[in-house]
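Trainee: Got a file for you: data_4.cif, mmCIF, C-alpha atoms.
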```cif
data_my_file
#
loop_
_atom_site.group_PDB
_atom_site.id
_atom_site.type_symbol
_atom_site.label_atom_id
_atom_site.label_comp_id
_atom_site.auth_asym_id
_atom_site.auth_seq_id
_atom_site.Cartn_x
_atom_site.Cartn_y
_atom_site.Cartn_z
ATOM 1 C CA MET S 1 -57.586 37.375 -80.464
ATOM 2 C CA LYS S 2 -57.507 37.007 -76.683
ATOM 3 C CA THR S 3 -60.713 34.990 -76.920
ATOM 4 C CA ARG S 4 -59.193 32.775 -79.597
ATOM 5 C CA SER S 5 -56.124 32.180 -77.394
ATOM 6 C CA LEU S 6 -58.363 31.244 -74.439
ATOM 7 C CA VAL S 7 -60.334 28.834 -76.575
ATOM 8 C CA ILE S 8 -57.121 27.237 -77.864
ATOM 9 C CA SER S 9 -55.922 26.811 -74.274
ATOM 10 C CA ILE S 10 -59.181 25.059 -73.415
ATOM 11 C CA ILE S 11 -58.755 22.759 -76.423
ATOM 12 C CA LEU S 12 -55.310 21.784 -75.163
ATOM 13 C CA LEU S 13 -56.567 21.164 -71.627
ATOM 14 C CA VAL S 14 -59.591 19.146 -72.634
ATOM 15 C CA ALA S 15 -57.645 17.202 -75.261
ATOM 16 C CA ALA S 16 -55.161 16.166 -72.610
ATOM 17 C CA LEU S 17 -57.882 15.188 -70.127
ATOM 18 C CA LEU S 18 -59.876 13.204 -72.667
ATOM 19 C CA ALA S 19 -57.033 11.585 -74.594
ATOM 20 C CA SER S 20 -57.428 8.290 -72.757
ATOM 21 C CA CYS S 21 -61.138 8.028 -73.580
ATOM 22 C CA ALA S 22 -61.158 9.528 -77.079
ATOM 23 C CA PRO S 23 -62.095 7.171 -79.904
ATOM 24 C CA ALA S 24 -59.374 6.252 -82.362
ATOM 25 C CA THR S 25 -59.832 8.501 -85.312
ATOM 26 C CA SER S 26 -58.700 8.791 -87.855
ATOM 27 C CA THR S 27 -47.197 25.895 -91.288
ATOM 28 C CA THR S 28 -46.449 27.643 -91.819
ATOM 29 C CA ALA S 29 -47.963 30.003 -92.591
ATOM 30 C CA THR S 30 -51.153 31.522 -93.673
ATOM 31 C CA PRO S 31 -51.315 31.378 -97.451
ATOM 32 C CA ASN S 32 -50.848 33.849 -100.232
ATOM 33 C CA PRO S 33 -53.824 34.504 -102.441
ATOM 34 C CA ALA S 34 -54.141 31.271 -104.399
ATOM 35 C CA PRO S 35 -56.551 30.188 -107.089
ATOM 36 C CA ILE S 36 -59.751 29.233 -105.323
ATOM 37 C CA VAL S 37 -59.891 25.457 -105.272
ATOM 38 C CA GLN S 38 -63.651 25.320 -105.015
ATOM 39 C CA SER S 39 -66.616 27.634 -104.788
ATOM 40 C CA GLN S 40 -66.702 29.163 -101.338
ATOM 41 C CA SER S 41 -69.170 31.979 -101.751
ATOM 42 C CA MET S 42 -70.091 33.450 -98.407
ATOM 43 C CA PRO S 43 -73.800 33.202 -97.562
ATOM 44 C CA SER S 44 -75.659 36.122 -96.082
ATOM 45 C CA SER S 45 -75.359 36.289 -92.312
ATOM 46 C CA GLY S 46 -79.079 35.645 -91.930
ATOM 47 C CA ASP S 47 -78.991 32.491 -94.070
ATOM 48 C CA ALA S 48 -75.913 31.089 -92.333
ATOM 49 C CA ILE S 49 -77.248 31.817 -88.858
ATOM 50 C CA SER S 50 -80.596 30.245 -89.762
ATOM 51 C CA VAL S 51 -78.849 27.046 -90.862
ATOM 52 C CA VAL S 52 -76.827 26.869 -87.636
ATOM 53 C CA LYS S 53 -79.880 27.479 -85.455
ATOM 54 C CA ALA S 54 -81.812 24.783 -87.315
ATOM 55 C CA TYR S 55 -78.865 22.401 -86.931
ATOM 56 C CA MET S 56 -78.718 22.928 -83.159
ATOM 57 C CA ASP S 57 -82.481 22.533 -82.792
ATOM 58 C CA THR S 58 -82.387 19.301 -84.777
ATOM 59 C CA ALA S 59 -79.388 17.905 -82.894
ATOM 60 C CA ASN S 60 -81.170 18.587 -79.599
ATOM 61 C CA THR S 61 -83.985 16.276 -80.691
ATOM 62 C CA GLY S 62 -81.543 13.365 -80.944
ATOM 63 C CA ASP S 63 -82.550 12.606 -84.547
ATOM 64 C CA PHE S 64 -79.321 11.274 -86.077
ATOM 65 C CA ASN S 65 -80.406 11.161 -89.722
ATOM 66 C CA LYS S 66 -81.882 14.660 -89.771
ATOM 67 C CA THR S 67 -78.846 16.062 -87.970
ATOM 68 C CA LEU S 68 -76.353 14.358 -90.299
ATOM 69 C CA ALA S 69 -78.270 15.748 -93.279
ATOM 70 C CA PHE S 70 -77.075 19.256 -92.365
ATOM 71 C CA TYR S 71 -73.452 18.355 -93.204
ATOM 72 C CA ALA S 72 -71.859 18.717 -96.635
ATOM 73 C CA ASP S 73 -70.237 15.569 -98.030
ATOM 74 C CA ASP S 74 -66.747 17.064 -97.520
ATOM 75 C CA ALA S 75 -67.449 18.725 -94.174
ATOM 76 C CA VAL S 76 -64.895 18.861 -91.352
ATOM 77 C CA VAL S 77 -65.511 18.563 -87.609
ATOM 78 C CA TYR S 78 -62.750 19.393 -85.126
ATOM 79 C CA ASN S 79 -63.470 18.872 -81.442
ATOM 80 C CA PRO S 80 -61.590 17.660 -78.335
ATOM 81 C CA LEU S 81 -62.226 14.066 -79.429
ATOM 82 C CA GLY S 82 -60.467 14.442 -82.765
ATOM 83 C CA VAL S 83 -60.670 15.504 -86.389
ATOM 84 C CA PHE S 84 -63.437 14.050 -88.565
ATOM 85 C CA VAL S 85 -63.164 14.691 -92.298
ATOM 86 C CA GLY S 86 -66.020 13.821 -94.636
ATOM 87 C CA LYS S 87 -69.637 13.008 -93.928
ATOM 88 C CA ASP S 88 -68.991 9.278 -93.480
ATOM 89 C CA GLU S 89 -66.414 9.865 -90.747
ATOM 90 C CA ILE S 90 -68.525 12.567 -89.115
ATOM 91 C CA SER S 91 -71.413 10.123 -88.914
ATOM 92 C CA LYS S 92 -69.370 7.792 -86.668
ATOM 93 C CA TRP S 93 -68.832 10.590 -84.136
ATOM 94 C CA LEU S 94 -72.358 11.968 -84.467
ATOM 95 C CA THR S 95 -74.015 8.578 -83.860
ATOM 96 C CA VAL S 96 -72.952 8.750 -80.200
ATOM 97 C CA ASP S 97 -72.864 12.521 -79.741
ATOM 98 C CA VAL S 98 -76.418 13.246 -80.853
ATOM 99 C CA LYS S 99 -77.870 10.851 -78.287
ATOM 100 C CA THR S 100 -76.807 12.802 -75.207
ATOM 101 C CA THR S 101 -75.391 16.224 -76.138
ATOM 102 C CA ARG S 102 -77.843 19.059 -75.581
ATOM 103 C CA VAL S 103 -77.009 22.722 -76.232
ATOM 104 C CA GLN S 104 -78.544 25.912 -74.909
ATOM 105 C CA PRO S 105 -77.288 28.661 -77.235
ATOM 106 C CA ALA S 106 -77.179 32.144 -75.757
ATOM 107 C CA ASN S 107 -75.642 34.117 -78.622
ATOM 108 C CA VAL S 108 -75.306 33.441 -82.348
ATOM 109 C CA GLN S 109 -73.484 35.925 -84.588
ATOM 110 C CA MET S 110 -71.375 36.240 -87.716
ATOM 111 C CA LYS S 111 -67.671 37.015 -87.289
ATOM 112 C CA GLY S 112 -66.118 37.258 -90.712
ATOM 113 C CA GLY S 113 -66.947 34.016 -92.495
ATOM 114 C CA LEU S 114 -67.690 32.151 -89.251
ATOM 115 C CA VAL S 115 -70.942 31.726 -87.388
ATOM 116 C CA VAL S 116 -69.914 31.832 -83.727
ATOM 117 C CA VAL S 117 -72.205 30.370 -81.067
ATOM 118 C CA THR S 118 -71.806 30.650 -77.304
ATOM 119 C CA GLY S 119 -73.924 29.206 -74.530
ATOM 120 C CA MET S 120 -74.161 26.165 -72.268
ATOM 121 C CA VAL S 121 -73.986 22.482 -73.147
ATOM 122 C CA SER S 122 -74.710 19.197 -71.389
ATOM 123 C CA LEU S 123 -72.201 16.461 -72.314
ATOM 124 C CA ASP S 124 -72.410 12.851 -71.206
ATOM 125 C CA ARG S 125 -68.698 12.537 -70.415
ATOM 126 C CA PHE S 126 -68.899 15.517 -68.069
ATOM 127 C CA GLN S 127 -72.150 14.382 -66.455
ATOM 128 C CA LYS S 128 -70.441 11.100 -65.555
ATOM 129 C CA ALA S 129 -67.670 13.098 -63.852
ATOM 130 C CA GLY S 130 -70.205 14.975 -61.699
ATOM 131 C CA ILE S 131 -70.075 18.094 -63.846
ATOM 132 C CA GLY S 132 -73.322 19.700 -64.937
ATOM 133 C CA ASP S 133 -73.722 22.076 -67.840
ATOM 134 C CA VAL S 134 -70.552 23.755 -69.118
ATOM 135 C CA ALA S 135 -69.948 26.896 -71.139
ATOM 136 C CA PHE S 136 -69.100 26.365 -74.791
ATOM 137 C CA SER S 137 -68.124 28.210 -77.937
ATOM 138 C CA ALA S 138 -68.525 26.817 -81.439
ATOM 139 C CA ASP S 139 -67.376 27.968 -84.878
ATOM 140 C CA TYR S 140 -69.361 27.051 -87.984
ATOM 141 C CA ILE S 141 -68.813 27.616 -91.685
ATOM 142 C CA VAL S 142 -71.971 27.336 -93.773
ATOM 143 C CA GLN S 143 -71.873 27.029 -97.562
ATOM 144 C CA GLY S 144 -74.662 26.136 -99.939
ATOM 145 C CA GLY S 145 -77.055 25.715 -97.032
ATOM 146 C CA LYS S 146 -74.848 23.003 -95.505
ATOM 147 C CA VAL S 147 -72.443 22.930 -92.565
ATOM 148 C CA ARG S 148 -68.900 22.549 -93.945
ATOM 149 C CA PHE S 149 -66.979 23.192 -90.747
ATOM 150 C CA PHE S 150 -67.900 22.726 -87.089
ATOM 151 C CA SER S 151 -65.471 23.229 -84.211
ATOM 152 C CA PRO S 152 -66.863 23.294 -80.661
ATOM 153 C CA THR S 153 -64.833 23.845 -77.499
ATOM 154 C CA VAL S 154 -65.832 23.789 -73.844
ATOM 155 C CA GLN S 155 -64.744 26.387 -71.319
ATOM 156 C CA LEU S 156 -64.400 24.686 -67.945
ATOM 157 C CA THR S 157 -64.274 26.591 -64.677
ATOM 158 C CA PRO S 158 -61.379 25.813 -62.306
ATOM 159 C CA ASP S 159 -63.749 23.662 -60.207
ATOM 160 C CA GLN S 160 -64.917 21.761 -63.296
ATOM 161 C CA GLN S 161 -61.314 21.233 -64.369
ATOM 162 C CA SER S 162 -60.499 19.756 -60.960
ATOM 163 C CA LYS S 163 -63.463 17.385 -61.132
ATOM 164 C CA MET S 164 -62.490 16.264 -64.614
ATOM 165 C CA LYS S 165 -58.902 15.606 -63.534
ATOM 166 C CA ALA S 166 -60.144 13.579 -60.565
ATOM 167 C CA ALA S 167 -62.445 11.551 -62.800
ATOM 168 C CA GLN S 168 -59.519 10.785 -65.092
ATOM 169 C CA ALA S 169 -57.077 9.941 -62.292
ATOM 170 C CA ASP S 170 -57.440 6.162 -62.668
ATOM 171 C CA ALA S 171 -57.672 6.159 -66.442
ATOM 172 C CA PRO S 172 -54.766 4.552 -68.297
ATOM 173 C CA ALA S 173 -52.225 6.966 -69.688
ATOM 174 C CA PRO S 174 -52.613 7.619 -73.405
ATOM 175 C CA PRO S 175 -50.048 5.836 -75.567
ATOM 176 C CA THR S 176 -46.959 7.794 -76.472
ATOM 177 C CA PRO S 177 -47.056 8.724 -80.175
ATOM 178 C CA ALA S 178 -44.540 6.821 -82.279
ATOM 179 C CA VAL S 179 -43.574 10.154 -83.840
ATOM 180 C CA ASN S 180 -43.373 13.342 -81.777
ATOM 181 C CA PRO S 181 -46.168 15.677 -83.037
ATOM 182 C CA GLU S 182 -44.019 18.745 -82.400
ATOM 183 C CA ASP S 183 -41.226 17.294 -84.538
ATOM 184 C CA VAL S 184 -43.712 16.733 -87.362
ATOM 185 C CA ALA S 185 -45.027 20.310 -87.189
ATOM 186 C CA LYS S 186 -41.516 21.808 -87.043
ATOM 187 C CA ALA S 187 -40.343 19.701 -89.965
ATOM 188 C CA TYR S 188 -43.386 20.817 -91.967
ATOM 189 C CA VAL S 189 -42.562 24.460 -91.252
ATOM 190 C CA ASN S 190 -39.013 23.937 -92.494
ATOM 191 C CA ALA S 191 -40.195 22.142 -95.632
ATOM 192 C CA ALA S 192 -42.751 24.854 -96.445
ATOM 193 C CA ASN S 193 -40.177 27.593 -95.837
ATOM 194 C CA SER S 194 -37.782 25.881 -98.244
ATOM 195 C CA GLY S 195 -40.352 26.159 -101.028
ATOM 196 C CA ASP S 196 -40.278 22.391 -101.635
ATOM 197 C CA PHE S 197 -43.904 21.663 -102.558
ATOM 198 C CA ASN S 198 -43.644 17.871 -102.743
ATOM 199 C CA LYS S 199 -41.861 17.607 -99.404
ATOM 200 C CA ALA S 200 -44.319 19.945 -97.693
ATOM 201 C CA LEU S 201 -47.329 18.099 -99.144
ATOM 202 C CA SER S 202 -45.961 14.748 -97.918
ATOM 203 C CA PHE S 203 -46.603 15.839 -94.316
ATOM 204 C CA TYR S 204 -50.383 15.784 -94.837
ATOM 205 C CA ALA S 205 -52.563 12.715 -94.349
ATOM 206 C CA ASP S 206 -54.720 11.746 -97.329
ATOM 207 C CA ASP S 207 -57.832 12.747 -95.355
ATOM 208 C CA ALA S 208 -56.336 15.919 -93.896
ATOM 209 C CA ALA S 209 -58.133 19.248 -93.658
ATOM 210 C CA ALA S 210 -56.899 22.834 -93.648
ATOM 211 C CA LEU S 211 -58.751 26.037 -92.757
ATOM 212 C CA VAL S 212 -56.651 28.839 -94.217
ATOM 213 C CA MET S 213 -56.750 32.486 -95.326
ATOM 214 C CA ASN S 214 -58.150 33.508 -91.944
ATOM 215 C CA ASN S 215 -61.091 31.087 -92.100
ATOM 216 C CA ALA S 216 -61.957 32.061 -95.689
ATOM 217 C CA LEU S 217 -60.921 28.801 -97.382
ATOM 218 C CA LEU S 218 -61.692 25.297 -96.078
ATOM 219 C CA LEU S 219 -59.797 22.483 -97.775
ATOM 220 C CA SER S 220 -60.973 18.909 -97.310
ATOM 221 C CA GLY S 221 -58.584 16.145 -98.387
ATOM 222 C CA LYS S 222 -55.016 16.126 -99.642
ATOM 223 C CA ASP S 223 -55.997 16.868 -103.257
ATOM 224 C CA GLN S 224 -57.633 20.168 -102.311
ATOM 225 C CA ILE S 225 -54.747 21.060 -99.999
ATOM 226 C CA SER S 226 -52.209 20.405 -102.768
ATOM 227 C CA LYS S 227 -53.782 22.987 -105.094
ATOM 228 C CA TRP S 228 -53.528 25.683 -102.413
ATOM 229 C CA LEU S 229 -50.102 24.610 -101.115
ATOM 230 C CA GLN S 230 -48.455 24.620 -104.533
ATOM 231 C CA ASN S 231 -48.900 28.391 -104.650
ATOM 232 C CA ASP S 232 -48.429 29.033 -100.939
ATOM 233 C CA VAL S 233 -44.936 27.526 -100.567
ATOM 234 C CA GLN S 234 -43.536 29.774 -103.288
ATOM 235 C CA THR S 235 -43.529 32.996 -101.270
ATOM 236 C CA THR S 236 -44.835 32.428 -97.723
ATOM 237 C CA ARG S 237 -42.055 32.386 -95.117
ATOM 238 C CA ALA S 238 -42.644 31.940 -91.403
ATOM 239 C CA THR S 239 -40.406 32.468 -88.391
ATOM 240 C CA SER S 240 -41.519 30.386 -85.427
ATOM 241 C CA GLN S 241 -41.285 31.889 -81.950
ATOM 242 C CA ASP S 242 -43.104 29.533 -79.573
ATOM 243 C CA TRP S 243 -44.407 25.954 -79.498
ATOM 244 C CA LYS S 244 -46.957 24.358 -77.166
ATOM 245 C CA VAL S 245 -47.983 20.716 -77.247
ATOM 246 C CA SER S 246 -50.700 18.677 -75.536
ATOM 247 C CA GLY S 247 -51.278 15.163 -76.775
ATOM 248 C CA ASN S 248 -51.398 15.358 -80.547
ATOM 249 C CA VAL S 249 -52.331 19.059 -80.678
ATOM 250 C CA VAL S 250 -49.503 21.471 -81.490
ATOM 251 C CA ILE S 251 -49.800 25.267 -81.373
ATOM 252 C CA ASN S 252 -47.136 27.442 -82.985
ATOM 253 C CA THR S 253 -46.889 31.222 -82.865
ATOM 254 C CA GLY S 254 -44.517 33.521 -84.715
ATOM 255 C CA VAL S 255 -44.317 35.993 -87.573
ATOM 256 C CA VAL S 256 -44.906 35.382 -91.252
ATOM 257 C CA SER S 257 -44.070 37.207 -94.470
ATOM 258 C CA LEU S 258 -46.876 37.116 -97.039
ATOM 259 C CA ALA S 259 -46.555 38.390 -100.589
ATOM 260 C CA ARG S 260 -49.960 40.062 -100.579
ATOM 261 C CA PHE S 261 -48.969 42.090 -97.518
ATOM 262 C CA THR S 262 -45.364 42.909 -98.455
ATOM 263 C CA GLN S 263 -46.793 44.589 -101.551
ATOM 264 C CA LEU S 264 -48.600 46.942 -99.174
ATOM 265 C CA GLY S 265 -45.475 47.678 -97.131
ATOM 266 C CA ILE S 266 -46.299 45.197 -94.347
ATOM 267 C CA SER S 267 -43.171 43.098 -93.939
ATOM 268 C CA GLN S 268 -44.331 40.647 -91.258
ATOM 269 C CA VAL S 269 -47.546 39.643 -89.510
ATOM 270 C CA GLN S 270 -48.059 37.744 -86.267
ATOM 271 C CA TYR S 271 -49.697 34.334 -86.648
ATOM 272 C CA GLN S 272 -50.943 31.397 -84.607
ATOM 273 C CA SER S 273 -51.211 27.927 -86.145
ATOM 274 C CA VAL S 274 -52.937 24.841 -84.797
ATOM 275 C CA TYR S 275 -51.838 21.390 -85.950
ATOM 276 C CA VAL S 276 -53.476 18.084 -85.143
ATOM 277 C CA VAL S 277 -50.999 15.282 -85.849
ATOM 278 C CA GLU S 278 -52.016 11.621 -86.109
ATOM 279 C CA ASN S 279 -49.719 8.732 -86.981
ATOM 280 C CA GLY S 280 -46.940 11.120 -87.947
ATOM 281 C CA LYS S 281 -49.126 13.069 -90.408
ATOM 282 C CA ILE S 282 -50.963 16.387 -90.227
ATOM 283 C CA ARG S 283 -54.729 15.813 -90.079
ATOM 284 C CA LEU S 284 -55.655 19.448 -89.473
ATOM 285 C CA PHE S 285 -53.836 22.717 -90.142
ATOM 286 C CA TRP S 286 -55.559 25.896 -88.903
ATOM 287 C CA PRO S 287 -53.499 29.119 -89.117
ATOM 288 C CA THR S 288 -54.776 32.532 -88.070
ATOM 289 C CA LEU S 289 -53.236 35.934 -88.725
ATOM 290 C CA ILE S 290 -53.101 38.397 -85.829
ATOM 291 C CA LEU S 291 -53.177 41.831 -87.433
ATOM 292 C CA THR S 292 -52.427 45.010 -85.528
ATOM 293 C CA PRO S 293 -54.873 47.930 -85.845
ATOM 294 C CA GLU S 294 -52.324 49.726 -88.033
ATOM 295 C CA GLN S 295 -51.973 46.732 -90.349
ATOM 296 C CA GLN S 296 -55.746 46.376 -90.563
ATOM 297 C CA ALA S 297 -56.017 50.022 -91.555
ATOM 298 C CA ILE S 298 -53.396 49.621 -94.317
ATOM 299 C CA ILE S 299 -55.161 46.559 -95.715
ATOM 300 C CA GLN S 300 -58.564 48.235 -95.550
ATOM 301 C CA ALA S 301 -57.248 51.336 -97.335
ATOM 302 C CA ALA S 302 -55.823 49.168 -100.128
ATOM 303 C CA LYS S 303 -59.169 47.570 -100.898
ATOM 304 C CA PRO S 304 -60.779 48.885 -104.084
ATOM 305 C CA THR S 305 -63.706 51.233 -103.591
ATOM 306 C CA PRO S 306 -66.927 49.659 -104.872
ATOM 307 C CA THR S 307 -68.326 51.505 -107.867
ATOM 308 C CA LYS S 308 -71.954 52.513 -107.840
ATOM 309 C CA ALA S 309 -74.164 51.574 -110.696
ATOM 310 C CA PRO S 310 -75.248 54.573 -112.799
#
```
So that I can check it, write out the structure of this file as structure tokens.

Mentor:
Amino acid sequence: MKTRSLVISIILLVAALLASCAPATSTTATPNPAPIVQSQSMPSSGDAISVVKAYMDTANTGDFNKTLAFYADDAVVYNPLGVFVGKDEISKWLTVDVKTTRVQPANVQMKGGLVVVTGMVSLDRFQKAGIGDVAFSADYIVQGGKVRFFSPTVQLTPDQQSKMKAAQADAPAPPTPAVNPEDVAKAYVNAANSGDFNKALSFYADDAAALVMNNALLLSGKDQISKWLQNDVQTTRATSQDWKVSGNVVINTGVVSLARFTQLGISQVQYQSVYVVENGKIRLFWPTLILTPEQQAIIQAAKPTPTKAP
């Protein structure tokens, strides 16, 4: 989880630095087990990794149409430039990105349901600031041979951060949001904790996305979110401990009570939630549980033992 925290910090830094040049785009808790909204069968690690490698190879050629073809119709991309939900919206970001972005992957591996890639990347906006290749990490979810979720982050060195700040020194300040993103996230937490489904759902944009159940369930659009949330608000209760904000990105940490864990004698679990708020609405909700080794052992012991075929 230290790596995840570092990556989140980089997202906040880069989001703040790039806010003035980003294109206009358009918790509390991690959920209880809810009826699966859609089929999300996990592919074999080999199949998922093969898809991601083929995607990166294709993107490096600059072929927009072939690269876009890797995305599912309801895919979600979250990067320092914004949240892009659905293939049509992704295409608007990809049209520019595929022309100049070139990746050099060093490691590709499965971590749970995510394909995680690390390596170096050349980005046009950094090249213009006198910065060469930068380290990156990217999370992918692959389903049905298609990319359903893609979230890349860059990891700038202190020298690269200084150069980026200098390059942005004369850029106009980003506009102040009409609604404070932190206020939106806090109000959502309170609504969800109250168990009021309709009020909690009203905080989401129609084209919002949520990656919940520790990256096991990706929800694209308010309709999908509503089917998960209706069950989640009944028993999930979070206690917020810390809030950090940069631009329209809000990160909340705290403890949460989850029905599936209280049944095992685990009263509370640490969590970290990322919110991206646009125009007073949540566009992305991404909570992650932070289990202790002891809690992991309890959960693992409670899993049914697979039976062998006679």

Trainee: Can you tell me, as a PDB file with C-alpha atoms, in the coordinates of the input, what residues are no more than 9 Å from Lys244 (chain S) when counting all atoms listed in the file, ignoring any on the same chain fewer than 4 positions away?

Mentor:
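Output saved as out39.pdb:
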```pdb
ATOM      1  CA  LEU S  12     -55.310  21.784 -75.163  1.00  0.00           C
ATOM      2  CA  GLU S 182     -44.019  18.745 -82.400  1.00  0.00           C
ATOM      3  CA  VAL S 249     -52.331  19.059 -80.678  1.00  0.00           C
ATOM      4  CA  VAL S 250     -49.503  21.471 -81.490  1.00  0.00           C
ATOM      5  CA  ILE S 251     -49.800  25.267 -81.373  1.00  0.00           C
ATOM      6  CA  ASN S 252     -47.136  27.442 -82.985  1.00  0.00           C
ATOM      7  CA  THR S 253     -46.889  31.222 -82.865  1.00  0.00           C
TER       8      THR S 253
END
```

Trainee: When the PyMOL selection byres ((chain S and resi 108) around 12) is applied to the file above, which residues end up in the set, as a PyMOL selection string?

Mentor: chain S and resi 45-46+48-54+56+104-107+109-111+114-119+137-140

Trainee: Do you have, as CSV, the list of residues of region 115-169 of chain S lying at most 10 Å from region 210-234 of chain S, each with its nearest atom pair and that distance in Å to one decimal, counting all atoms listed in the file and ordered by chain then number?

Mentor:
```
residue,atom,partner,partner_atom,distance
S:Ile141,CA,S:Asn215,CA,8.5
S:Arg148,CA,S:Leu218,CA,8.0
S:Phe149,CA,S:Leu218,CA,7.8
```

Trainee: Any chance you can output those residues with C-alpha atoms as a PDB file, keeping the file's coordinate frame?

Mentor:
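That gives us part.pdb:
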```
ATOM      1  CA  ILE S 141     -68.813  27.616 -91.685  1.00  0.00           C
ATOM      2  CA  ARG S 148     -68.900  22.549 -93.945  1.00  0.00           C
ATOM      3  CA  PHE S 149     -66.979  23.192 -90.747  1.00  0.00           C
TER       4      PHE S 149
END
```

Trainee: Residues within 12 Å of Ser202 (chain S), please, as JSON, numbers by chain. Count all atoms listed in the file; anything in the same chain fewer than 3 positions from it doesn't count.

Mentor: {"S": [184, 187, 188, 191, 192, 196, 197, 198, 199, 205, 206, 208, 222, 223, 225, 226, 229, 280, 281, 282, 283]}

Trainee: Dump as a ChimeraX atom specification all residues having an atom at most 10 Å from (-65.9, 15.5, -94.4), computed in the file's coordinates with all atoms listed in the file.

Mentor: /S:71-77,83-91,148-149,207-209,219-221

Trainee: Specify as number ranges by chain each residue included when the PyMOL selection byres ((chain S and resi 121) around 7) is applied to this file.

Mentor: S: 102-104, 119-120, 122-123, 133-136

Trainee: For a quick check of understanding, using only C-alpha atoms, which of S:Ser273, S:Gln127, S:Ser162, S:Thr176 has the smallest distance to Gly254 (chain S)?

Mentor: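 Nearest candidate to Gly254 (chain S) out of S:Ser273, S:Gln127, S:Ser162, S:Thr176: S:Ser273.
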
Trainee: Report, in Å to a single decimal, how far apart CA of Pro172 (chain S) and CA of Asp124 (chain S) are.

Mentor: 19.7 Å

Trainee: What does the PyMOL selection byres ((chain S and resi 237) around 10) select in this file, as a list in words?

Mentor: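 With the PyMOL selection byres ((chain S and resi 237) around 10) on this model, the match is Thr27, Thr28, Ala29, Thr30, Pro31, Val189, Asn190, Ala192, Asn193, Ser194, Gly195, Asp232, Val233, Gln234, Thr235, Thr236, Ala238, Thr239, Ser240, Val255, Val256, Ser257, Leu258, Ala259 and Gln268 of chain S.
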
Trainee: So what do you get for CA of Ala59 (chain S) versus CA of Gly144 (chain S), distance-wise?

Mentor: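 We find that CA of Ala59 (chain S) and CA of Gly144 (chain S) lie 19.5 Å from each other.
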
Trainee: Please, what distance in Å, to one decimal, runs between CA of Asp170 (chain S) and CA of Gly247 (chain S)?

Mentor: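 About the pair CA of Asp170 (chain S) and CA of Gly247 (chain S): they are 17.8 Å apart.
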
Trainee: Would you please work out which residue, of S:Val154, S:Val274, S:Ala169, S:Ile299, is nearest to Pro287 (chain S) when using all atoms listed in the file?

Mentor: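 Smallest distance to Pro287 (chain S) is found for S:Val274.
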
Trainee: My list of candidates is S:Asn279, S:Asn79, S:Trp243, S:Asp183. Which is closest to Pro152 (chain S) when distances are computed with only C-alpha atoms?

Mentor: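 Of S:Asn279, S:Asn79, S:Trp243, S:Asp183, the one nearest Pro152 (chain S) is S:Asn79, counting only C-alpha atoms.
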
Trainee: Between S:Ala171, S:Val276, S:Val147, S:Ala297, single out the one closest to Phe70 (chain S), counting all atoms listed in the file.

Mentor: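 Smallest separation from Phe70 (chain S) among the options: S:Val147.
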
Trainee: Return the padded bounding box of region 133-142 of chain S as lines of an AutoDock Vina configuration file: axis-aligned, built from all atoms listed in the file, 5 Å added on each side, with centre and edge lengths in Å to one decimal.

Mentor:
```
center_x = -70.5
center_y = 25.1
center_z = -80.8
size_x = 16.3
size_y = 16.1
size_z = 35.9
```

Trainee: Please determine, counting only C-alpha atoms, which residue among S:Leu264, S:Ile290, S:Ile131, S:Val142 has the shortest atom-to-atom distance to Gln160 (chain S).

Mentor: S:Ile131
